[in-house]
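Structure file start.pdb (PDB, C-alpha atoms and all ligand atoms) is printed below.
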ATOM      1  CA  MET A   1     -39.188  50.931 -29.798  1.00  0.00           C
ATOM      2  CA  HIS A   2     -36.561  52.452 -32.024  1.00  0.00           C
ATOM      3  CA  TRP A   3     -33.437  54.425 -31.367  1.00  0.00           C
ATOM      4  CA  ARG A   4     -33.998  58.179 -31.208  1.00  0.00           C
ATOM      5  CA  ASN A   5     -31.350  60.888 -31.232  1.00  0.00           C
ATOM      6  CA  GLU A   6     -32.632  62.187 -27.894  1.00  0.00           C
ATOM      7  CA  TYR A   7     -31.370  58.947 -26.301  1.00  0.00           C
ATOM      8  CA  SER A   8     -27.794  59.823 -27.265  1.00  0.00           C
ATOM      9  CA  LEU A   9     -25.495  60.448 -24.313  1.00  0.00           C
ATOM     10  CA  GLY A  10     -22.521  61.637 -26.335  1.00  0.00           C
ATOM     11  CA  ILE A  11     -20.315  58.656 -25.488  1.00  0.00           C
ATOM     12  CA  VAL A  12     -20.060  56.523 -28.621  1.00  0.00           C
ATOM     13  CA  GLU A  13     -19.529  53.168 -26.905  1.00  0.00           C
ATOM     14  CA  LEU A  14     -22.513  53.637 -24.581  1.00  0.00           C
ATOM     15  CA  ASP A  15     -24.722  54.912 -27.387  1.00  0.00           C
ATOM     16  CA  ASP A  16     -23.802  51.871 -29.509  1.00  0.00           C
ATOM     17  CA  GLN A  17     -24.655  49.525 -26.641  1.00  0.00           C
ATOM     18  CA  HIS A  18     -27.960  51.300 -26.018  1.00  0.00           C
ATOM     19  CA  LYS A  19     -28.778  50.973 -29.726  1.00  0.00           C
ATOM     20  CA  GLN A  20     -28.155  47.222 -29.442  1.00  0.00           C
ATOM     21  CA  LEU A  21     -30.229  46.985 -26.266  1.00  0.00           C
ATOM     22  CA  ILE A  22     -33.139  48.797 -27.921  1.00  0.00           C
ATOM     23  CA  GLY A  23     -32.647  46.542 -30.955  1.00  0.00           C
ATOM     24  CA  HIS A  24     -33.124  43.467 -28.734  1.00  0.00           C
ATOM     25  CA  PHE A  25     -36.267  45.033 -27.302  1.00  0.00           C
ATOM     26  CA  GLY A  26     -37.507  45.869 -30.818  1.00  0.00           C
ATOM     27  CA  ALA A  27     -37.113  42.183 -31.768  1.00  0.00           C
ATOM     28  CA  ILE A  28     -39.268  41.178 -28.770  1.00  0.00           C
ATOM     29  CA  GLU A  29     -41.949  43.730 -29.665  1.00  0.00           C
ATOM     30  CA  GLU A  30     -41.972  42.480 -33.246  1.00  0.00           C
ATOM     31  CA  ALA A  31     -42.199  38.810 -32.199  1.00  0.00           C
ATOM     32  CA  ILE A  32     -45.159  39.649 -29.928  1.00  0.00           C
ATOM     33  CA  ARG A  33     -46.811  41.705 -32.681  1.00  0.00           C
ATOM     34  CA  GLN A  34     -46.486  38.709 -35.016  1.00  0.00           C
ATOM     35  CA  GLY A  35     -48.038  36.452 -32.389  1.00  0.00           C
ATOM     36  CA  GLN A  36     -45.010  34.186 -32.161  1.00  0.00           C
ATOM     37  CA  SER A  37     -44.937  31.379 -29.596  1.00  0.00           C
ATOM     38  CA  TRP A  38     -43.858  32.106 -26.038  1.00  0.00           C
ATOM     39  CA  SER A  39     -40.771  29.915 -26.499  1.00  0.00           C
ATOM     40  CA  SER A  40     -39.649  32.164 -29.382  1.00  0.00           C
ATOM     41  CA  ILE A  41     -40.283  35.276 -27.322  1.00  0.00           C
ATOM     42  CA  TYR A  42     -38.600  33.724 -24.289  1.00  0.00           C
ATOM     43  CA  PHE A  43     -35.485  33.067 -26.382  1.00  0.00           C
ATOM     44  CA  LEU A  44     -35.384  36.752 -27.410  1.00  0.00           C
ATOM     45  CA  VAL A  45     -35.849  37.799 -23.780  1.00  0.00           C
ATOM     46  CA  ALA A  46     -32.886  35.597 -22.833  1.00  0.00           C
ATOM     47  CA  GLU A  47     -30.794  37.330 -25.513  1.00  0.00           C
ATOM     48  CA  LEU A  48     -31.830  40.740 -24.208  1.00  0.00           C
ATOM     49  CA  ARG A  49     -30.976  39.707 -20.650  1.00  0.00           C
ATOM     50  CA  ASP A  50     -27.535  38.468 -21.696  1.00  0.00           C
ATOM     51  CA  PHE A  51     -26.799  41.674 -23.543  1.00  0.00           C
ATOM     52  CA  ALA A  52     -28.115  43.782 -20.648  1.00  0.00           C
ATOM     53  CA  ARG A  53     -25.778  41.893 -18.300  1.00  0.00           C
ATOM     54  CA  PHE A  54     -22.804  42.712 -20.543  1.00  0.00           C
ATOM     55  CA  HIS A  55     -23.879  46.341 -20.931  1.00  0.00           C
ATOM     56  CA  PHE A  56     -24.486  46.912 -17.215  1.00  0.00           C
ATOM     57  CA  THR A  57     -21.114  45.360 -16.394  1.00  0.00           C
ATOM     58  CA  CYS A  58     -19.428  47.796 -18.802  1.00  0.00           C
ATOM     59  CA  GLU A  59     -21.266  50.764 -17.319  1.00  0.00           C
ATOM     60  CA  GLU A  60     -20.488  49.786 -13.747  1.00  0.00           C
ATOM     61  CA  ALA A  61     -16.790  49.291 -14.600  1.00  0.00           C
ATOM     62  CA  LEU A  62     -16.703  52.779 -16.127  1.00  0.00           C
ATOM     63  CA  MET A  63     -18.441  54.205 -13.072  1.00  0.00           C
ATOM     64  CA  ARG A  64     -15.770  52.748 -10.819  1.00  0.00           C
ATOM     65  CA  LEU A  65     -13.035  54.017 -13.133  1.00  0.00           C
ATOM     66  CA  PHE A  66     -14.513  57.518 -13.192  1.00  0.00           C
ATOM     67  CA  ASP A  67     -15.358  57.536  -9.505  1.00  0.00           C
ATOM     68  CA  PHE A  68     -19.060  58.151 -10.115  1.00  0.00           C
ATOM     69  CA  PRO A  69     -20.699  59.181  -6.827  1.00  0.00           C
ATOM     70  CA  ASP A  70     -24.054  57.497  -7.586  1.00  0.00           C
ATOM     71  CA  LEU A  71     -22.526  54.095  -8.403  1.00  0.00           C
ATOM     72  CA  ARG A  72     -24.441  52.260  -5.703  1.00  0.00           C
ATOM     73  CA  LEU A  73     -27.804  53.720  -6.659  1.00  0.00           C
ATOM     74  CA  HIS A  74     -27.209  53.075 -10.341  1.00  0.00           C
ATOM     75  CA  THR A  75     -26.086  49.502  -9.743  1.00  0.00           C
ATOM     76  CA  ALA A  76     -29.255  48.949  -7.697  1.00  0.00           C
ATOM     77  CA  GLU A  77     -31.344  50.092 -10.691  1.00  0.00           C
ATOM     78  CA  HIS A  78     -29.548  47.543 -12.875  1.00  0.00           C
ATOM     79  CA  ALA A  79     -30.164  44.791 -10.323  1.00  0.00           C
ATOM     80  CA  HIS A  80     -33.827  45.784 -10.063  1.00  0.00           C
ATOM     81  CA  PHE A  81     -34.164  45.372 -13.830  1.00  0.00           C
ATOM     82  CA  PHE A  82     -33.153  41.691 -13.610  1.00  0.00           C
ATOM     83  CA  LYS A  83     -35.405  41.139 -10.597  1.00  0.00           C
ATOM     84  CA  VAL A  84     -38.527  42.468 -12.341  1.00  0.00           C
ATOM     85  CA  LEU A  85     -37.677  40.656 -15.571  1.00  0.00           C
ATOM     86  CA  ALA A  86     -37.338  37.379 -13.649  1.00  0.00           C
ATOM     87  CA  GLU A  87     -40.726  37.984 -11.960  1.00  0.00           C
ATOM     88  CA  ILE A  88     -42.407  38.597 -15.313  1.00  0.00           C
ATOM     89  CA  GLU A  89     -40.857  35.436 -16.739  1.00  0.00           C
ATOM     90  CA  LYS A  90     -42.039  33.467 -13.722  1.00  0.00           C
ATOM     91  CA  ASN A  91     -45.565  34.843 -14.159  1.00  0.00           C
ATOM     92  CA  SER A  92     -45.542  33.701 -17.780  1.00  0.00           C
ATOM     93  CA  ILE A  93     -46.185  30.149 -16.540  1.00  0.00           C
ATOM     94  CA  ASN A  94     -49.715  31.107 -15.460  1.00  0.00           C
ATOM     95  CA  LYS A  95     -50.781  34.028 -17.599  1.00  0.00           C
ATOM     96  CA  ALA A  96     -50.152  36.039 -20.741  1.00  0.00           C
ATOM     97  CA  ILE A  97     -47.446  38.569 -19.893  1.00  0.00           C
ATOM     98  CA  GLU A  98     -46.724  40.099 -23.308  1.00  0.00           C
ATOM     99  CA  ARG A  99     -48.276  43.471 -22.539  1.00  0.00           C
ATOM    100  CA  GLU A 100     -46.662  43.627 -19.087  1.00  0.00           C
ATOM    101  CA  LEU A 101     -43.278  42.691 -20.562  1.00  0.00           C
ATOM    102  CA  VAL A 102     -43.370  45.288 -23.349  1.00  0.00           C
ATOM    103  CA  GLU A 103     -44.610  48.036 -21.021  1.00  0.00           C
ATOM    104  CA  PHE A 104     -41.950  47.285 -18.391  1.00  0.00           C
ATOM    105  CA  LEU A 105     -39.106  47.222 -20.929  1.00  0.00           C
ATOM    106  CA  ARG A 106     -40.243  50.375 -22.702  1.00  0.00           C
ATOM    107  CA  VAL A 107     -40.672  52.420 -19.530  1.00  0.00           C
ATOM    108  CA  TRP A 108     -37.503  51.092 -17.903  1.00  0.00           C
ATOM    109  CA  MET A 109     -35.283  51.668 -20.899  1.00  0.00           C
ATOM    110  CA  THR A 110     -36.582  55.131 -21.640  1.00  0.00           C
ATOM    111  CA  LYS A 111     -36.359  56.259 -18.013  1.00  0.00           C
ATOM    112  CA  HIS A 112     -33.028  54.632 -17.299  1.00  0.00           C
ATOM    113  CA  ILE A 113     -31.230  55.717 -20.464  1.00  0.00           C
ATOM    114  CA  VAL A 114     -32.440  59.318 -20.573  1.00  0.00           C
ATOM    115  CA  GLY A 115     -32.361  59.690 -16.796  1.00  0.00           C
ATOM    116  CA  SER A 116     -29.817  57.664 -14.873  1.00  0.00           C
ATOM    117  CA  ASP A 117     -27.403  56.888 -17.712  1.00  0.00           C
ATOM    118  CA  ARG A 118     -27.411  60.514 -18.807  1.00  0.00           C
ATOM    119  CA  GLY A 119     -26.405  61.556 -15.305  1.00  0.00           C
ATOM    120  CA  PHE A 120     -23.419  59.257 -15.476  1.00  0.00           C
ATOM    121  CA  ALA A 121     -22.475  60.372 -19.010  1.00  0.00           C
ATOM    122  CA  GLN A 122     -22.550  64.012 -17.918  1.00  0.00           C
ATOM    123  CA  HIS A 123     -20.256  63.160 -15.028  1.00  0.00           C
ATOM    124  CA  VAL A 124     -17.756  61.596 -17.448  1.00  0.00           C
ATOM    125  CA  LEU A 125     -18.071  64.351 -20.054  1.00  0.00           C
ATOM    126  CA  SER A 126     -17.797  67.154 -17.479  1.00  0.00           C
ATOM    127  CA  GLY A 127     -14.098  66.385 -17.166  1.00  0.00           C
ATOM    128  CA  ALA A 128     -14.361  66.517 -13.393  1.00  0.00           C
ATOM    129  CA  ALA A 129     -14.289  62.746 -13.545  1.00  0.00           C
ATOM    130  CA  VAL A 130     -10.943  62.416 -15.338  1.00  0.00           C
ATOM    131  CA  VAL A 131      -8.719  60.745 -12.798  1.00  0.00           C
ATOM    132  CA  CYS A 132      -5.619  60.237 -14.917  1.00  0.00           C
ATOM    133  CA  SER A 133      -4.315  62.554 -17.612  1.00  0.00           C
TER     134      SER A 133
HETATM  135 FE    FE B 201     -27.237  51.900 -20.053  1.00  0.00          FE
HETATM  136 FE    FE B 202     -27.297  52.107 -16.550  1.00  0.00          FE
END

Here is a file; write its structure as structure tokens.
Amino acid sequence: MHWRNEYSLGIVELDDQHKQLIGHFGAIEEAIRQGQSWSSIYFLVAELRDFARFHFTCEEALMRLFDFPDLRLHTAEHAHFFKVLAEIEKNSINKAIERELVEFLRVWMTKHIVGSDRGFAQHVLSGAAVVCS
């Protein structure tokens, strides 16, 4: 998965973080494509999870700052991401999960960035969200 202009939300900081997030995912895809060991892939997944934690924390802080009405729903989507990722990692003890992992990450990222994150970005960019000027 590579960054595409259609993923852009028009907020530079968020776009930069999404580029990094997709970059982490791209590294996982590449490691799987090369047939690297699960420990190598697991390390890259841990890096992605750490970055996702940082990114989600930034987004949720902005949502509070800009009084975003769907904060609770959006935060639940972020929490669900970690839950599913943890389940996939747990399953990796018993079975090959590479395909499941790649499919989950690709679908989640595409849907979340162009759907939920865009909704938040539009709220910020609409100006209705500016609480202090
Ligand atoms: Fe995001
Ligand atoms: Fe988000």

To verify the selection step, state as a list in words which residues the PyMOL selection byres (((not hetatm)) within 7 of (chain B and resi 201)) yields on this input.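 Listing what the PyMOL selection byres (((not hetatm)) within 7 of (chain B and resi 201)) selects in the shown file: Leu14, His18, His55, Phe56, Glu59, His112, Ile113 and Asp117 of chain A.
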
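Proximity to Val45 in chain A was assessed for A:Ala76, A:Ala86, A:Ala61, A:Val124 counting all atoms listed in the file; the smallest distance is recorded for A:Ala86.
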
Which residue gives the smallest distance to Ile97 in chain A among A:Tyr42, A:His2, A:Phe54, A:Val12, with only C-alpha atoms counted?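 Of A:Tyr42, A:His2, A:Phe54, A:Val12, the one nearest Ile97 in chain A is A:Tyr42, counting only C-alpha atoms.
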
What are the closest atom pairs, with distances in Å to one decimal, for each residue of chain A lying within 12 Å of ligand FE 202 (chain B), using only C-alpha atoms and all ligand atoms, rows by chain and rising residue number, as a tab-separated table?
residue	atom	partner	partner_atom	distance
A:Leu9	CA	B:FE202	FE	11.5
A:Leu14	CA	B:FE202	FE	9.5
A:Asp15	CA	B:FE202	FE	11.5
A:Gln17	CA	B:FE202	FE	10.7
A:His18	CA	B:FE202	FE	9.5
A:Leu21	CA	B:FE202	FE	11.4
A:Ala52	CA	B:FE202	FE	9.3
A:Arg53	CA	B:FE202	FE	10.5
A:Phe54	CA	B:FE202	FE	11.2
A:His55	CA	B:FE202	FE	8.0
A:Phe56	CA	B:FE202	FE	5.9
A:Thr57	CA	B:FE202	FE	9.2
A:Cys58	CA	B:FE202	FE	9.3
A:Glu59	CA	B:FE202	FE	6.2
A:Glu60	CA	B:FE202	FE	7.7
A:Ala61	CA	B:FE202	FE	11.1
A:Leu62	CA	B:FE202	FE	10.6
A:Met63	CA	B:FE202	FE	9.7
A:Asp70	CA	B:FE202	FE	11.0
A:Leu71	CA	B:FE202	FE	9.6
A:Arg72	CA	B:FE202	FE	11.2
A:Leu73	CA	B:FE202	FE	10.0
A:His74	CA	B:FE202	FE	6.3
A:Thr75	CA	B:FE202	FE	7.4
A:Ala76	CA	B:FE202	FE	9.6
A:Glu77	CA	B:FE202	FE	7.4
A:His78	CA	B:FE202	FE	6.3
A:Ala79	CA	B:FE202	FE	10.0
A:His80	CA	B:FE202	FE	11.2
A:Phe81	CA	B:FE202	FE	10.0
A:Trp108	CA	B:FE202	FE	10.3
A:Met109	CA	B:FE202	FE	9.1
A:Thr110	CA	B:FE202	FE	11.0
A:Lys111	CA	B:FE202	FE	10.1
A:His112	CA	B:FE202	FE	6.3
A:Ile113	CA	B:FE202	FE	6.6
A:Val114	CA	B:FE202	FE	9.7
A:Gly115	CA	B:FE202	FE	9.1
A:Ser116	CA	B:FE202	FE	6.3
A:Asp117	CA	B:FE202	FE	4.9
A:Arg118	CA	B:FE202	FE	8.7
A:Gly119	CA	B:FE202	FE	9.6
A:Phe120	CA	B:FE202	FE	8.2
A:Ala121	CA	B:FE202	FE	9.9

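The spacing separating CA of Val102 in chain A from CA of Glu89 in chain A amounts to 12.1 Å.
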
For N, CA and C atoms, please extract range 99-124 of chain A from the block and return it as a PDB file, in the first residue's frame.
ATOM      1  N   ARG A  99      -1.838 -13.239   5.408  1.00  0.00           N
ATOM      2  CA  ARG A  99      -2.896 -12.734   4.520  1.00  0.00           C
ATOM      3  C   ARG A  99      -3.954 -11.959   5.324  1.00  0.00           C
ATOM      4  N   GLU A 100      -4.346 -12.544   6.446  1.00  0.00           N
ATOM      5  CA  GLU A 100      -5.356 -11.907   7.315  1.00  0.00           C
ATOM      6  C   GLU A 100      -4.862 -10.533   7.797  1.00  0.00           C
ATOM      7  N   LEU A 101      -3.600 -10.489   8.171  1.00  0.00           N
ATOM      8  CA  LEU A 101      -2.997  -9.249   8.684  1.00  0.00           C
ATOM      9  C   LEU A 101      -3.000  -8.166   7.611  1.00  0.00           C
ATOM     10  N   VAL A 102      -2.513  -8.506   6.426  1.00  0.00           N
ATOM     11  CA  VAL A 102      -2.414  -7.525   5.336  1.00  0.00           C
ATOM     12  C   VAL A 102      -3.809  -7.042   4.937  1.00  0.00           C
ATOM     13  N   GLU A 103      -4.749  -7.976   4.829  1.00  0.00           N
ATOM     14  CA  GLU A 103      -6.111  -7.612   4.421  1.00  0.00           C
ATOM     15  C   GLU A 103      -6.754  -6.691   5.460  1.00  0.00           C
ATOM     16  N   PHE A 104      -6.611  -7.039   6.737  1.00  0.00           N
ATOM     17  CA  PHE A 104      -7.187  -6.208   7.802  1.00  0.00           C
ATOM     18  C   PHE A 104      -6.602  -4.800   7.752  1.00  0.00           C
ATOM     19  N   LEU A 105      -5.276  -4.694   7.689  1.00  0.00           N
ATOM     20  CA  LEU A 105      -4.633  -3.379   7.717  1.00  0.00           C
ATOM     21  C   LEU A 105      -5.024  -2.545   6.499  1.00  0.00           C
ATOM     22  N   ARG A 106      -5.053  -3.203   5.328  1.00  0.00           N
ATOM     23  CA  ARG A 106      -5.372  -2.441   4.118  1.00  0.00           C
ATOM     24  C   ARG A 106      -6.800  -1.902   4.177  1.00  0.00           C
ATOM     25  N   VAL A 107      -7.738  -2.766   4.517  1.00  0.00           N
ATOM     26  CA  VAL A 107      -9.145  -2.345   4.554  1.00  0.00           C
ATOM     27  C   VAL A 107      -9.348  -1.297   5.644  1.00  0.00           C
ATOM     28  N   TRP A 108      -8.781  -1.555   6.831  1.00  0.00           N
ATOM     29  CA  TRP A 108      -8.997  -0.621   7.938  1.00  0.00           C
ATOM     30  C   TRP A 108      -8.443   0.756   7.606  1.00  0.00           C
ATOM     31  N   MET A 109      -7.223   0.784   7.130  1.00  0.00           N
ATOM     32  CA  MET A 109      -6.592   2.082   6.869  1.00  0.00           C
ATOM     33  C   MET A 109      -7.324   2.852   5.795  1.00  0.00           C
ATOM     34  N   THR A 110      -7.671   2.165   4.711  1.00  0.00           N
ATOM     35  CA  THR A 110      -8.350   2.854   3.622  1.00  0.00           C
ATOM     36  C   THR A 110      -9.694   3.397   4.113  1.00  0.00           C
ATOM     37  N   LYS A 111     -10.466   2.540   4.763  1.00  0.00           N
ATOM     38  CA  LYS A 111     -11.799   2.960   5.227  1.00  0.00           C
ATOM     39  C   LYS A 111     -11.719   4.063   6.276  1.00  0.00           C
ATOM     40  N   HIS A 112     -10.794   3.881   7.221  1.00  0.00           N
ATOM     41  CA  HIS A 112     -10.732   4.834   8.326  1.00  0.00           C
ATOM     42  C   HIS A 112     -10.219   6.203   7.870  1.00  0.00           C
ATOM     43  N   ILE A 113      -9.176   6.185   7.042  1.00  0.00           N
ATOM     44  CA  ILE A 113      -8.584   7.466   6.628  1.00  0.00           C
ATOM     45  C   ILE A 113      -9.530   8.228   5.699  1.00  0.00           C
ATOM     46  N   VAL A 114     -10.051   7.538   4.675  1.00  0.00           N
ATOM     47  CA  VAL A 114     -10.897   8.269   3.722  1.00  0.00           C
ATOM     48  C   VAL A 114     -12.330   8.448   4.227  1.00  0.00           C
ATOM     49  N   GLY A 115     -12.695   7.708   5.268  1.00  0.00           N
ATOM     50  CA  GLY A 115     -14.035   7.847   5.816  1.00  0.00           C
ATOM     51  C   GLY A 115     -14.037   8.665   7.099  1.00  0.00           C
ATOM     52  N   SER A 116     -13.694   8.012   8.188  1.00  0.00           N
ATOM     53  CA  SER A 116     -13.818   8.639   9.505  1.00  0.00           C
ATOM     54  C   SER A 116     -12.883   9.838   9.678  1.00  0.00           C
ATOM     55  N   ASP A 117     -11.614   9.680   9.282  1.00  0.00           N
ATOM     56  CA  ASP A 117     -10.685  10.800   9.467  1.00  0.00           C
ATOM     57  C   ASP A 117     -11.077  11.991   8.593  1.00  0.00           C
ATOM     58  N   ARG A 118     -11.598  11.702   7.413  1.00  0.00           N
ATOM     59  CA  ARG A 118     -12.016  12.809   6.545  1.00  0.00           C
ATOM     60  C   ARG A 118     -13.159  13.591   7.183  1.00  0.00           C
ATOM     61  N   GLY A 119     -14.061  12.885   7.838  1.00  0.00           N
ATOM     62  CA  GLY A 119     -15.166  13.557   8.517  1.00  0.00           C
ATOM     63  C   GLY A 119     -14.655  14.520   9.574  1.00  0.00           C
ATOM     64  N   PHE A 120     -13.654  14.098  10.302  1.00  0.00           N
ATOM     65  CA  PHE A 120     -13.076  14.961  11.327  1.00  0.00           C
ATOM     66  C   PHE A 120     -12.356  16.148  10.682  1.00  0.00           C
ATOM     67  N   ALA A 121     -11.573  15.883   9.635  1.00  0.00           N
ATOM     68  CA  ALA A 121     -10.823  16.952   8.962  1.00  0.00           C
ATOM     69  C   ALA A 121     -11.788  18.014   8.422  1.00  0.00           C
ATOM     70  N   GLN A 122     -12.910  17.564   7.875  1.00  0.00           N
ATOM     71  CA  GLN A 122     -13.873  18.520   7.323  1.00  0.00           C
ATOM     72  C   GLN A 122     -14.482  19.384   8.431  1.00  0.00           C
ATOM     73  N   HIS A 123     -14.653  18.767   9.589  1.00  0.00           N
ATOM     74  CA  HIS A 123     -15.160  19.516  10.742  1.00  0.00           C
ATOM     75  C   HIS A 123     -14.183  20.628  11.102  1.00  0.00           C
ATOM     76  N   VAL A 124     -12.894  20.289  11.140  1.00  0.00           N
ATOM     77  CA  VAL A 124     -11.862  21.280  11.491  1.00  0.00           C
ATOM     78  C   VAL A 124     -11.789  22.351  10.404  1.00  0.00           C
TER      79      VAL A 124
END
